[in-house]
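What follows is structure31.cif (mmCIF, C-alpha atoms).
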data_coords
#
loop_
_atom_site.group_PDB
_atom_site.id
_atom_site.type_symbol
_atom_site.label_atom_id
_atom_site.label_comp_id
_atom_site.auth_asym_id
_atom_site.auth_seq_id
_atom_site.Cartn_x
_atom_site.Cartn_y
_atom_site.Cartn_z
ATOM 1 C CA MET S 18 79.988 -4.249 42.658
ATOM 2 C CA LYS S 19 83.782 -4.258 42.701
ATOM 3 C CA PRO S 20 85.873 -1.409 41.312
ATOM 4 C CA ILE S 21 87.810 -1.911 38.117
ATOM 5 C CA ASN S 22 91.503 -1.679 39.038
ATOM 6 C CA PRO S 23 90.852 -1.454 42.801
ATOM 7 C CA GLN S 24 94.358 -0.170 43.554
ATOM 8 C CA ARG S 25 93.817 2.804 41.237
ATOM 9 C CA PHE S 26 90.375 3.426 42.742
ATOM 10 C CA GLN S 27 91.761 3.472 46.277
ATOM 11 C CA ALA S 28 94.666 5.717 45.278
ATOM 12 C CA LEU S 29 92.357 8.235 43.581
ATOM 13 C CA VAL S 30 89.973 8.289 46.540
ATOM 14 C CA GLN S 31 92.789 8.700 49.060
ATOM 15 C CA GLU S 32 94.436 11.477 47.046
ATOM 16 C CA ALA S 33 91.181 13.440 46.774
ATOM 17 C CA GLN S 34 90.498 12.996 50.483
ATOM 18 C CA SER S 35 93.957 14.045 51.641
ATOM 19 C CA THR S 36 94.404 17.057 49.348
ATOM 20 C CA PRO S 37 93.201 20.210 51.146
ATOM 21 C CA PHE S 38 90.887 22.732 49.543
ATOM 22 C CA SER S 39 91.091 26.349 50.707
ATOM 23 C CA GLY S 40 89.869 29.744 49.603
ATOM 24 C CA TRP S 41 88.483 29.358 46.102
ATOM 25 C CA ASP S 42 91.503 27.665 44.530
ATOM 26 C CA PHE S 43 90.706 24.850 42.085
ATOM 27 C CA SER S 44 94.246 24.505 40.727
ATOM 28 C CA TRP S 45 94.460 20.860 41.872
ATOM 29 C CA LEU S 46 91.842 19.998 39.253
ATOM 30 C CA VAL S 47 93.872 21.335 36.315
ATOM 31 C CA GLY S 48 94.258 18.472 33.853
ATOM 32 C CA ARG S 49 91.664 16.388 35.710
ATOM 33 C CA MET S 50 88.564 18.509 35.200
ATOM 34 C CA HIS S 51 87.813 20.942 32.411
ATOM 35 C CA GLN S 52 84.862 23.293 32.140
ATOM 36 C CA GLU S 53 83.999 25.382 29.114
ATOM 37 C CA GLU S 54 84.094 29.114 29.633
ATOM 38 C CA PRO S 55 80.846 31.097 29.344
ATOM 39 C CA PRO S 56 80.433 33.348 26.308
ATOM 40 C CA TRP S 57 81.097 36.386 28.497
ATOM 41 C CA HIS S 58 84.356 36.967 30.423
ATOM 42 C CA TYR S 59 83.581 38.050 33.968
ATOM 43 C CA PRO S 60 87.035 39.549 34.731
ATOM 44 C CA ASP S 61 86.890 41.711 31.604
ATOM 45 C CA LEU S 62 83.387 42.899 32.443
ATOM 46 C CA VAL S 63 84.502 43.926 35.921
ATOM 47 C CA THR S 64 87.704 45.571 34.674
ATOM 48 C CA ALA S 65 85.756 47.594 32.119
ATOM 49 C CA HIS S 66 83.754 49.173 34.957
ATOM 50 C CA LEU S 67 86.719 49.963 37.238
ATOM 51 C CA GLN S 68 87.894 53.093 35.440
ATOM 52 C CA ASP S 69 85.198 55.345 36.897
ATOM 53 C CA THR S 70 84.975 53.526 40.242
ATOM 54 C CA ASN S 71 86.165 55.053 43.514
ATOM 55 C CA ARG S 72 84.392 52.635 45.867
ATOM 56 C CA LEU S 73 84.250 48.923 45.055
ATOM 57 C CA LEU S 74 82.703 45.998 46.934
ATOM 58 C CA ASP S 75 83.444 42.340 46.181
ATOM 59 C CA MET S 76 80.701 40.209 47.730
ATOM 60 C CA GLY S 77 81.797 36.729 48.800
ATOM 61 C CA THR S 78 85.476 37.205 48.046
ATOM 62 C CA GLY S 79 86.438 33.625 49.014
ATOM 63 C CA GLY S 80 90.173 33.729 49.631
ATOM 64 C CA GLY S 81 90.443 37.036 47.783
ATOM 65 C CA GLU S 82 92.018 35.370 44.736
ATOM 66 C CA PHE S 83 89.928 37.136 42.103
ATOM 67 C CA LEU S 84 89.903 40.548 43.751
ATOM 68 C CA ALA S 85 93.689 40.533 44.154
ATOM 69 C CA SER S 86 94.038 39.758 40.438
ATOM 70 C CA LEU S 87 92.391 43.089 39.570
ATOM 71 C CA VAL S 88 95.122 45.366 40.952
ATOM 72 C CA PRO S 89 95.409 48.291 40.717
ATOM 73 C CA LEU S 90 92.094 48.677 42.523
ATOM 74 C CA PRO S 91 89.938 51.715 43.307
ATOM 75 C CA PRO S 92 91.061 53.920 46.225
ATOM 76 C CA GLU S 93 88.461 52.393 48.548
ATOM 77 C CA THR S 94 87.896 48.688 48.034
ATOM 78 C CA HIS S 95 86.032 46.386 50.402
ATOM 79 C CA ALA S 96 85.277 42.666 50.452
ATOM 80 C CA THR S 97 82.792 40.532 52.365
ATOM 81 C CA GLU S 98 83.036 36.848 53.270
ATOM 82 C CA ALA S 99 80.645 34.668 55.282
ATOM 83 C CA TYR S 100 82.521 31.336 55.241
ATOM 84 C CA PRO S 101 84.817 31.273 58.310
ATOM 85 C CA PRO S 102 87.644 29.113 56.862
ATOM 86 C CA ASN S 103 88.102 31.637 54.044
ATOM 87 C CA LEU S 104 88.483 34.674 56.282
ATOM 88 C CA PRO S 105 92.150 34.279 57.361
ATOM 89 C CA ILE S 106 93.114 33.488 53.761
ATOM 90 C CA ALA S 107 91.318 36.576 52.482
ATOM 91 C CA HIS S 108 92.834 38.779 55.188
ATOM 92 C CA MET S 109 96.330 37.508 54.440
ATOM 93 C CA ARG S 110 95.965 38.160 50.724
ATOM 94 C CA LEU S 111 93.976 41.400 50.718
ATOM 95 C CA SER S 112 95.100 43.358 53.784
ATOM 96 C CA PRO S 113 98.547 44.142 52.297
ATOM 97 C CA LEU S 114 96.671 45.664 49.341
ATOM 98 C CA GLY S 115 94.761 48.012 51.646
ATOM 99 C CA ILE S 116 91.499 46.114 51.239
ATOM 100 C CA LYS S 117 89.274 45.684 54.273
ATOM 101 C CA VAL S 118 87.650 42.252 54.598
ATOM 102 C CA HIS S 119 84.315 42.226 56.442
ATOM 103 C CA ASN S 120 83.160 39.094 58.236
ATOM 104 C CA ILE S 121 79.429 38.917 57.611
ATOM 105 C CA THR S 122 76.541 36.589 58.373
ATOM 106 C CA GLU S 123 74.422 35.443 55.481
ATOM 107 C CA ASP S 124 71.053 37.203 55.275
ATOM 108 C CA ALA S 125 72.176 39.913 57.730
ATOM 109 C CA PRO S 126 72.215 43.578 56.602
ATOM 110 C CA LEU S 127 75.503 44.609 55.023
ATOM 111 C CA PRO S 128 77.753 46.811 57.209
ATOM 112 C CA PHE S 129 77.802 49.776 54.819
ATOM 113 C CA GLU S 130 76.056 53.112 54.561
ATOM 114 C CA ASP S 131 73.310 53.792 52.053
ATOM 115 C CA GLN S 132 74.437 54.738 48.532
ATOM 116 C CA TYR S 133 78.081 53.975 49.335
ATOM 117 C CA PHE S 134 79.481 52.019 46.378
ATOM 118 C CA ASP S 135 80.035 52.872 42.731
ATOM 119 C CA LEU S 136 80.431 49.207 41.796
ATOM 120 C CA VAL S 137 79.351 45.983 43.514
ATOM 121 C CA ILE S 138 80.606 42.692 42.086
ATOM 122 C CA ASN S 139 79.484 39.214 43.029
ATOM 123 C CA ARG S 140 80.588 35.872 41.612
ATOM 124 C CA HIS S 141 78.721 32.842 42.926
ATOM 125 C CA GLU S 142 77.673 34.451 46.219
ATOM 126 C CA SER S 143 74.167 34.816 47.635
ATOM 127 C CA TYR S 144 72.833 38.341 48.021
ATOM 128 C CA ASP S 145 69.807 40.309 49.098
ATOM 129 C CA HIS S 146 68.308 42.331 46.255
ATOM 130 C CA GLN S 147 67.188 45.188 48.490
ATOM 131 C CA GLU S 148 70.586 45.389 50.182
ATOM 132 C CA VAL S 149 72.357 45.624 46.834
ATOM 133 C CA TYR S 150 70.039 48.441 45.830
ATOM 134 C CA ARG S 151 70.535 50.206 49.184
ATOM 135 C CA ILE S 152 74.348 50.286 49.114
ATOM 136 C CA LEU S 153 74.660 51.346 45.462
ATOM 137 C CA ARG S 154 74.927 55.063 44.774
ATOM 138 C CA PRO S 155 72.709 56.509 42.022
ATOM 139 C CA GLY S 156 74.369 55.515 38.777
ATOM 140 C CA GLY S 157 76.166 52.612 40.484
ATOM 141 C CA VAL S 158 76.501 49.201 38.830
ATOM 142 C CA PHE S 159 75.940 45.640 40.063
ATOM 143 C CA ILE S 160 77.672 42.783 38.201
ATOM 144 C CA THR S 161 76.934 39.205 39.198
ATOM 145 C CA GLN S 162 77.728 35.790 37.742
ATOM 146 C CA GLN S 163 75.754 32.999 39.350
ATOM 147 C CA VAL S 164 75.449 29.221 39.252
ATOM 148 C CA GLY S 165 72.171 28.007 37.795
ATOM 149 C CA GLU S 166 69.932 25.556 39.638
ATOM 150 C CA LEU S 167 70.648 22.734 37.150
ATOM 151 C CA ASP S 168 74.421 22.962 37.628
ATOM 152 C CA ASN S 169 76.087 19.567 37.093
ATOM 153 C CA LEU S 170 72.790 17.861 37.849
ATOM 154 C CA GLU S 171 74.180 14.688 36.283
ATOM 155 C CA LEU S 172 76.244 14.160 39.469
ATOM 156 C CA ASN S 173 73.079 14.181 41.539
ATOM 157 C CA LEU S 174 71.362 11.744 39.184
ATOM 158 C CA LEU S 175 74.336 9.377 39.288
ATOM 159 C CA LEU S 176 75.165 9.504 42.999
ATOM 160 C CA GLU S 177 71.938 10.130 44.891
ATOM 161 C CA GLU S 178 69.586 7.291 45.784
ATOM 162 C CA GLU S 179 66.492 9.333 45.024
ATOM 163 C CA LYS S 180 65.994 11.518 41.994
ATOM 164 C CA PRO S 181 66.268 15.256 42.741
ATOM 165 C CA GLN S 182 62.933 16.846 43.549
ATOM 166 C CA LYS S 183 61.568 19.993 41.919
ATOM 167 C CA LEU S 184 64.233 22.631 42.283
ATOM 168 C CA SER S 185 63.792 26.051 43.820
ATOM 169 C CA ASP S 186 62.798 29.267 42.100
ATOM 170 C CA TRP S 187 66.338 30.222 41.194
ATOM 171 C CA GLY S 188 67.754 31.251 37.859
ATOM 172 C CA LEU S 189 68.192 34.079 35.399
ATOM 173 C CA GLU S 190 64.528 34.867 34.916
ATOM 174 C CA ALA S 191 63.719 34.934 38.628
ATOM 175 C CA GLU S 192 66.753 37.071 39.491
ATOM 176 C CA VAL S 193 66.049 39.590 36.745
ATOM 177 C CA PHE S 194 62.538 39.938 38.140
ATOM 178 C CA HIS S 195 63.696 40.349 41.755
ATOM 179 C CA LEU S 196 66.435 42.863 40.951
ATOM 180 C CA ALA S 197 64.068 44.915 38.809
ATOM 181 C CA GLU S 198 61.472 44.747 41.547
ATOM 182 C CA ALA S 199 64.098 46.085 43.999
ATOM 183 C CA GLY S 200 64.544 49.126 41.744
ATOM 184 C CA LEU S 201 67.527 48.265 39.561
ATOM 185 C CA ARG S 202 67.496 48.602 35.786
ATOM 186 C CA ILE S 203 68.784 45.531 33.944
ATOM 187 C CA LYS S 204 71.492 46.304 31.370
ATOM 188 C CA ARG S 205 72.475 42.760 30.406
ATOM 189 C CA ALA S 206 71.167 39.283 31.245
ATOM 190 C CA GLU S 207 72.152 35.951 29.713
ATOM 191 C CA LYS S 208 72.778 32.335 30.606
ATOM 192 C CA ALA S 209 74.910 29.469 29.312
ATOM 193 C CA ALA S 210 75.155 25.667 29.525
ATOM 194 C CA LEU S 211 78.806 24.598 29.651
ATOM 195 C CA LYS S 212 80.335 21.190 29.006
ATOM 196 C CA THR S 213 82.255 19.924 32.042
ATOM 197 C CA THR S 214 84.601 16.944 31.817
ATOM 198 C CA PHE S 215 85.872 14.919 34.796
ATOM 199 C CA MET S 216 88.808 12.627 33.980
ATOM 200 C CA ASP S 217 88.757 10.341 37.043
ATOM 201 C CA ILE S 218 86.778 9.613 40.206
ATOM 202 C CA GLY S 219 89.310 11.570 42.269
ATOM 203 C CA ALA S 220 88.400 14.739 40.378
ATOM 204 C CA VAL S 221 84.706 14.112 41.124
ATOM 205 C CA LEU S 222 85.415 13.618 44.830
ATOM 206 C CA TYR S 223 87.599 16.707 45.094
ATOM 207 C CA TYR S 224 84.944 18.779 43.322
ATOM 208 C CA LEU S 225 82.275 17.543 45.749
ATOM 209 C CA LYS S 226 84.558 18.402 48.666
ATOM 210 C CA ALA S 227 84.923 21.946 47.319
ATOM 211 C CA ILE S 228 81.193 22.229 46.493
ATOM 212 C CA PRO S 229 79.560 20.322 49.390
ATOM 213 C CA TRP S 230 76.112 21.750 48.652
ATOM 214 C CA GLN S 231 75.987 19.877 45.323
ATOM 215 C CA ILE S 232 74.865 16.683 47.087
ATOM 216 C CA ASP S 233 73.388 16.887 50.586
ATOM 217 C CA GLU S 234 75.073 14.738 53.236
ATOM 218 C CA PHE S 235 77.514 13.282 50.754
ATOM 219 C CA SER S 236 80.304 11.050 51.992
ATOM 220 C CA ILE S 237 82.414 8.285 50.518
ATOM 221 C CA GLU S 238 81.018 5.842 53.053
ATOM 222 C CA THR S 239 77.331 6.551 52.435
ATOM 223 C CA HIS S 240 77.709 6.749 48.650
ATOM 224 C CA PHE S 241 80.361 4.062 48.201
ATOM 225 C CA GLU S 242 78.436 1.743 45.854
ATOM 226 C CA LYS S 243 77.423 4.610 43.584
ATOM 227 C CA LEU S 244 81.007 5.877 43.524
ATOM 228 C CA VAL S 245 82.318 2.461 42.521
ATOM 229 C CA ARG S 246 79.753 2.296 39.745
ATOM 230 C CA LEU S 247 80.708 5.778 38.553
ATOM 231 C CA HIS S 248 84.426 4.927 38.740
ATOM 232 C CA ASN S 249 83.849 1.852 36.580
ATOM 233 C CA PHE S 250 81.914 3.893 34.038
ATOM 234 C CA MET S 251 84.735 6.451 33.886
ATOM 235 C CA GLU S 252 87.338 3.710 33.469
ATOM 236 C CA TRP S 253 85.382 2.317 30.526
ATOM 237 C CA GLN S 254 84.619 5.690 28.960
ATOM 238 C CA GLY S 255 87.756 7.563 29.985
ATOM 239 C CA GLU S 256 85.745 10.531 31.323
ATOM 240 C CA LEU S 257 82.474 11.788 32.727
ATOM 241 C CA ILE S 258 80.706 14.659 30.998
ATOM 242 C CA THR S 259 78.275 16.885 32.907
ATOM 243 C CA THR S 260 76.715 20.279 32.261
ATOM 244 C CA ALA S 261 77.538 23.413 34.232
ATOM 245 C CA HIS S 262 75.001 26.237 34.200
ATOM 246 C CA ARG S 263 75.906 29.911 34.636
ATOM 247 C CA PHE S 264 74.051 33.177 34.288
ATOM 248 C CA LEU S 265 75.149 36.795 34.186
ATOM 249 C CA ILE S 266 73.322 39.973 35.170
ATOM 250 C CA ILE S 267 74.566 43.538 34.932
ATOM 251 C CA ALA S 268 72.225 46.095 36.461
ATOM 252 C CA HIS S 269 72.467 49.721 37.502
ATOM 253 C CA LYS S 270 70.752 52.079 39.889
ATOM 254 C CA GLU S 271 69.301 55.002 38.017
ATOM 255 C CA SER S 272 70.522 58.497 38.832
ATOM 256 C CA GLN S 273 68.086 60.454 40.915
#

Represent the structure from my file as structure tokens, please.
Amino acid sequence: MKPINPQRFQALVQEAQSTPFSGWDFSWLVGRMHQEEPPWHYPDLVTAHLQDTNRLLDMGTGGGEFLASLVPLPPETHATEAYPPNLPIAHMRLSPLGIKVHNITEDAPLPFEDQYFDLVINRHESYDHQEVYRILRPGGVFITQQVGELDNLELNLLLEEEKPQKLSDWGLEAEVFHLAEAGLRIKRAEKAALKTTFMDIGAVLYYLKAIPWQIDEFSIETHFEKLVRLHNFMEWQGELITTAHRFLIIAHKESQ
């Protein structure tokens, strides 16, 4: 199959390949990809809990973009990050604000004392339920927004040779169970399916570069025919619509 308007196809592919992605900055996709917002507003939820917080932890801070947007911050604020390329970006952004960035290894115990934090926030980062419970003080709160297992599954169906197999035990219901089992009391739990619109094949490629775990072993070379087919569809339709999945949990550790 040949691409419709091959010069445009090549230009879009080259632009997506050559444009760097760093931290957790998706600004390049403005005007080329649009995703509906969930019915809750994560920044407002976090801000509402900052007033009585003296010790805050941001798990998986990325490049520190979100945490820096919350200033003024509690007197003692920490951040963790496990992805090496993000660490210098996070340090550069957060250190001038007095925030210590901790380089961690996924699945390793967190480098904090028991019952240390008033508030632990986590947006799209993996976590250990028992560790979250351990580092929260009695009365402390855990706020997490996560990506559901069906997130933008249409991309997998369109670009992978084989249909996705049964997905893992991951989602709102499972996480509510595990957090409650760890000892936390659930205050709020909800999920949302959000319309996502990609305007051109370059936006799809840039998104997959930023989210490499969406499609295992993805590359332009190995998936070229599928990409051409998708490009042609988008040229005919003017867009590609997929479905993002998000869920929110707010839990607290009961006072002893």

As a check of understanding, name the residues that the PyMOL selection byres ((chain S and resi 204-221) around 6) selects in the supplied structure, as a list of chain:residue names.
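In the shown coordinates, the PyMOL selection byres ((chain S and resi 204-221) around 6) covers S:Leu29, S:Val30, S:Ala33, S:Arg49, S:Met50, S:His51, S:Gln52, S:Glu53, S:Ile203, S:Leu222, S:Tyr223, S:Tyr224, S:His248, S:Glu256, S:Leu257, S:Ile258, S:Thr259, S:Thr260, S:Ala261, S:His262, S:Arg263, S:Phe264, S:Leu265, S:Ile266, S:Ile267, S:Ala268.
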
Please list as a PyMOL selection string every residue within 8 Å of stretch 176-179 of chain S, counting all atoms listed in the file and excluding residues in the same chain fewer than 6 positions away.
chain S and resi 232+240+243-244

Within 10 Å of (83.9, 39.5, 46.2), all atoms listed in the file: residues as a list of chain:residue names?
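Residues found, by chain and rising number: S:Leu73, S:Leu74, S:Asp75, S:Met76, S:Gly77, S:Thr78, S:Gly79, S:Gly80, S:Gly81, S:Glu82, S:Phe83, S:Leu84, S:His95, S:Ala96, S:Thr97, S:Glu98, S:Val118, S:Val137, S:Ile138, S:Asn139, S:Arg140, S:His141, S:Glu142, S:Thr161.
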
Separation of atom CA of S:Tyr133 from atom CA of S:Leu114, in Å and rounded to one decimal
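Value for the atom CA of S:Tyr133-atom CA of S:Leu114 distance: 20.4 Å.
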
From the options S:Val193, S:Leu175, S:Val158, S:Leu170, which residue's atoms come nearest to S:Glu242, counting only C-alpha atoms?
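Under the stated criterion, the closest residue is S:Leu175.
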
Among listed residues S:Val245, S:Pro55, S:Phe26, S:Pro102, nearest S:Gln163 (using all atoms listed in the file):
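Under the stated criterion, the closest residue is S:Pro55.
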
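Between atom CA of S:Asn120 and atom CA of S:Ala99 there is a distance of 5.9 Å.
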
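We find atom CA of S:Pro56 and atom CA of S:Glu192 to be spaced 19.4 Å apart.
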
List the residues selected by the PyMOL selection byres ((chain S and resi 154) around 6) in the file shown, writing them as a PyMOL selection string.
chain S and resi 132-135+153+155+157

Could you save the residues just selected, with C-alpha atoms, as a PDB file, keeping the file's coordinate frame?
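Output file out-v1.pdb follows:
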ATOM      1  CA  GLN S 132      74.437  54.738  48.532  1.00  0.00           C
ATOM      2  CA  TYR S 133      78.081  53.975  49.335  1.00  0.00           C
ATOM      3  CA  PHE S 134      79.481  52.019  46.378  1.00  0.00           C
ATOM      4  CA  ASP S 135      80.035  52.872  42.731  1.00  0.00           C
ATOM      5  CA  LEU S 153      74.660  51.346  45.462  1.00  0.00           C
ATOM      6  CA  PRO S 155      72.709  56.509  42.022  1.00  0.00           C
ATOM      7  CA  GLY S 157      76.166  52.612  40.484  1.00  0.00           C
TER       8      GLY S 157
END

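Of the residues under consideration (S:Gln147, S:Gln231, S:Gln254, S:Ser236), S:Gln147 shows the shortest atom-to-atom contact distance to S:Leu201 when counting all atoms listed in the file.
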
Atoms are missing here; could stretch 97-125 of chain S be completed with N, CA and C atoms and written as a PDB file, in the frame of the given file?
ATOM      1  N   THR S  97      83.523  41.242  51.317  1.00  0.00           N
ATOM      2  CA  THR S  97      82.792  40.532  52.365  1.00  0.00           C
ATOM      3  C   THR S  97      83.016  39.038  52.198  1.00  0.00           C
ATOM      4  N   GLU S  98      82.930  38.307  53.300  1.00  0.00           N
ATOM      5  CA  GLU S  98      83.036  36.848  53.270  1.00  0.00           C
ATOM      6  C   GLU S  98      82.292  36.275  54.481  1.00  0.00           C
ATOM      7  N   ALA S  99      81.455  35.268  54.224  1.00  0.00           N
ATOM      8  CA  ALA S  99      80.645  34.668  55.282  1.00  0.00           C
ATOM      9  C   ALA S  99      81.155  33.295  55.709  1.00  0.00           C
ATOM     10  N   TYR S 100      82.054  32.691  54.932  1.00  0.00           N
ATOM     11  CA  TYR S 100      82.521  31.336  55.241  1.00  0.00           C
ATOM     12  C   TYR S 100      83.783  31.429  56.100  1.00  0.00           C
ATOM     13  N   PRO S 101      83.699  31.053  57.369  1.00  0.00           N
ATOM     14  CA  PRO S 101      84.817  31.273  58.310  1.00  0.00           C
ATOM     15  C   PRO S 101      86.180  30.769  57.846  1.00  0.00           C
ATOM     16  N   PRO S 102      86.299  29.565  57.264  1.00  0.00           N
ATOM     17  CA  PRO S 102      87.644  29.113  56.862  1.00  0.00           C
ATOM     18  C   PRO S 102      88.306  30.006  55.824  1.00  0.00           C
ATOM     19  N   ASN S 103      87.516  30.765  55.069  1.00  0.00           N
ATOM     20  CA  ASN S 103      88.102  31.637  54.044  1.00  0.00           C
ATOM     21  C   ASN S 103      88.642  32.943  54.609  1.00  0.00           C
ATOM     22  N   LEU S 104      88.155  33.342  55.763  1.00  0.00           N
ATOM     23  CA  LEU S 104      88.483  34.674  56.282  1.00  0.00           C
ATOM     24  C   LEU S 104      89.977  34.898  56.493  1.00  0.00           C
ATOM     25  N   PRO S 105      90.705  34.013  57.187  1.00  0.00           N
ATOM     26  CA  PRO S 105      92.150  34.279  57.361  1.00  0.00           C
ATOM     27  C   PRO S 105      92.898  34.299  56.038  1.00  0.00           C
ATOM     28  N   ILE S 106      92.469  33.505  55.073  1.00  0.00           N
ATOM     29  CA  ILE S 106      93.114  33.488  53.761  1.00  0.00           C
ATOM     30  C   ILE S 106      92.888  34.818  53.053  1.00  0.00           C
ATOM     31  N   ALA S 107      91.639  35.296  53.115  1.00  0.00           N
ATOM     32  CA  ALA S 107      91.318  36.576  52.482  1.00  0.00           C
ATOM     33  C   ALA S 107      92.062  37.724  53.145  1.00  0.00           C
ATOM     34  N   HIS S 108      92.111  37.723  54.470  1.00  0.00           N
ATOM     35  CA  HIS S 108      92.834  38.779  55.188  1.00  0.00           C
ATOM     36  C   HIS S 108      94.315  38.784  54.803  1.00  0.00           C
ATOM     37  N   MET S 109      94.900  37.611  54.748  1.00  0.00           N
ATOM     38  CA  MET S 109      96.330  37.508  54.440  1.00  0.00           C
ATOM     39  C   MET S 109      96.625  38.032  53.033  1.00  0.00           C
ATOM     40  N   ARG S 110      95.730  37.759  52.111  1.00  0.00           N
ATOM     41  CA  ARG S 110      95.965  38.160  50.724  1.00  0.00           C
ATOM     42  C   ARG S 110      95.604  39.619  50.471  1.00  0.00           C
ATOM     43  N   LEU S 111      94.521  40.098  51.086  1.00  0.00           N
ATOM     44  CA  LEU S 111      93.976  41.400  50.718  1.00  0.00           C
ATOM     45  C   LEU S 111      94.425  42.552  51.621  1.00  0.00           C
ATOM     46  N   SER S 112      94.704  42.272  52.876  1.00  0.00           N
ATOM     47  CA  SER S 112      95.100  43.358  53.784  1.00  0.00           C
ATOM     48  C   SER S 112      96.342  44.099  53.315  1.00  0.00           C
ATOM     49  N   PRO S 113      97.381  43.402  52.805  1.00  0.00           N
ATOM     50  CA  PRO S 113      98.547  44.142  52.297  1.00  0.00           C
ATOM     51  C   PRO S 113      98.224  45.058  51.120  1.00  0.00           C
ATOM     52  N   LEU S 114      97.088  44.820  50.464  1.00  0.00           N
ATOM     53  CA  LEU S 114      96.671  45.664  49.341  1.00  0.00           C
ATOM     54  C   LEU S 114      95.792  46.824  49.799  1.00  0.00           C
ATOM     55  N   GLY S 115      95.594  46.930  51.117  1.00  0.00           N
ATOM     56  CA  GLY S 115      94.761  48.012  51.646  1.00  0.00           C
ATOM     57  C   GLY S 115      93.274  47.742  51.557  1.00  0.00           C
ATOM     58  N   ILE S 116      92.910  46.487  51.378  1.00  0.00           N
ATOM     59  CA  ILE S 116      91.499  46.114  51.239  1.00  0.00           C
ATOM     60  C   ILE S 116      90.984  45.592  52.571  1.00  0.00           C
ATOM     61  N   LYS S 117      89.868  46.133  53.024  1.00  0.00           N
ATOM     62  CA  LYS S 117      89.274  45.684  54.273  1.00  0.00           C
ATOM     63  C   LYS S 117      88.311  44.537  54.001  1.00  0.00           C
ATOM     64  N   VAL S 118      88.508  43.430  54.733  1.00  0.00           N
ATOM     65  CA  VAL S 118      87.650  42.252  54.598  1.00  0.00           C
ATOM     66  C   VAL S 118      86.662  42.241  55.758  1.00  0.00           C
ATOM     67  N   HIS S 119      85.374  42.190  55.433  1.00  0.00           N
ATOM     68  CA  HIS S 119      84.315  42.226  56.442  1.00  0.00           C
ATOM     69  C   HIS S 119      83.737  40.825  56.637  1.00  0.00           C
ATOM     70  N   ASN S 120      83.779  40.369  57.878  1.00  0.00           N
ATOM     71  CA  ASN S 120      83.160  39.094  58.236  1.00  0.00           C
ATOM     72  C   ASN S 120      81.662  39.324  58.399  1.00  0.00           C
ATOM     73  N   ILE S 121      80.866  38.688  57.559  1.00  0.00           N
ATOM     74  CA  ILE S 121      79.429  38.917  57.611  1.00  0.00           C
ATOM     75  C   ILE S 121      78.695  37.610  57.874  1.00  0.00           C
ATOM     76  N   THR S 122      77.435  37.731  58.220  1.00  0.00           N
ATOM     77  CA  THR S 122      76.541  36.589  58.373  1.00  0.00           C
ATOM     78  C   THR S 122      75.539  36.623  57.236  1.00  0.00           C
ATOM     79  N   GLU S 123      75.357  35.485  56.598  1.00  0.00           N
ATOM     80  CA  GLU S 123      74.422  35.443  55.481  1.00  0.00           C
ATOM     81  C   GLU S 123      73.039  35.913  55.927  1.00  0.00           C
ATOM     82  N   ASP S 124      72.400  36.662  55.066  1.00  0.00           N
ATOM     83  CA  ASP S 124      71.053  37.203  55.275  1.00  0.00           C
ATOM     84  C   ASP S 124      71.007  38.380  56.251  1.00  0.00           C
ATOM     85  N   ALA S 125      72.151  38.747  56.853  1.00  0.00           N
ATOM     86  CA  ALA S 125      72.176  39.913  57.730  1.00  0.00           C
ATOM     87  C   ALA S 125      72.414  41.171  56.887  1.00  0.00           C
TER      88      ALA S 125
END
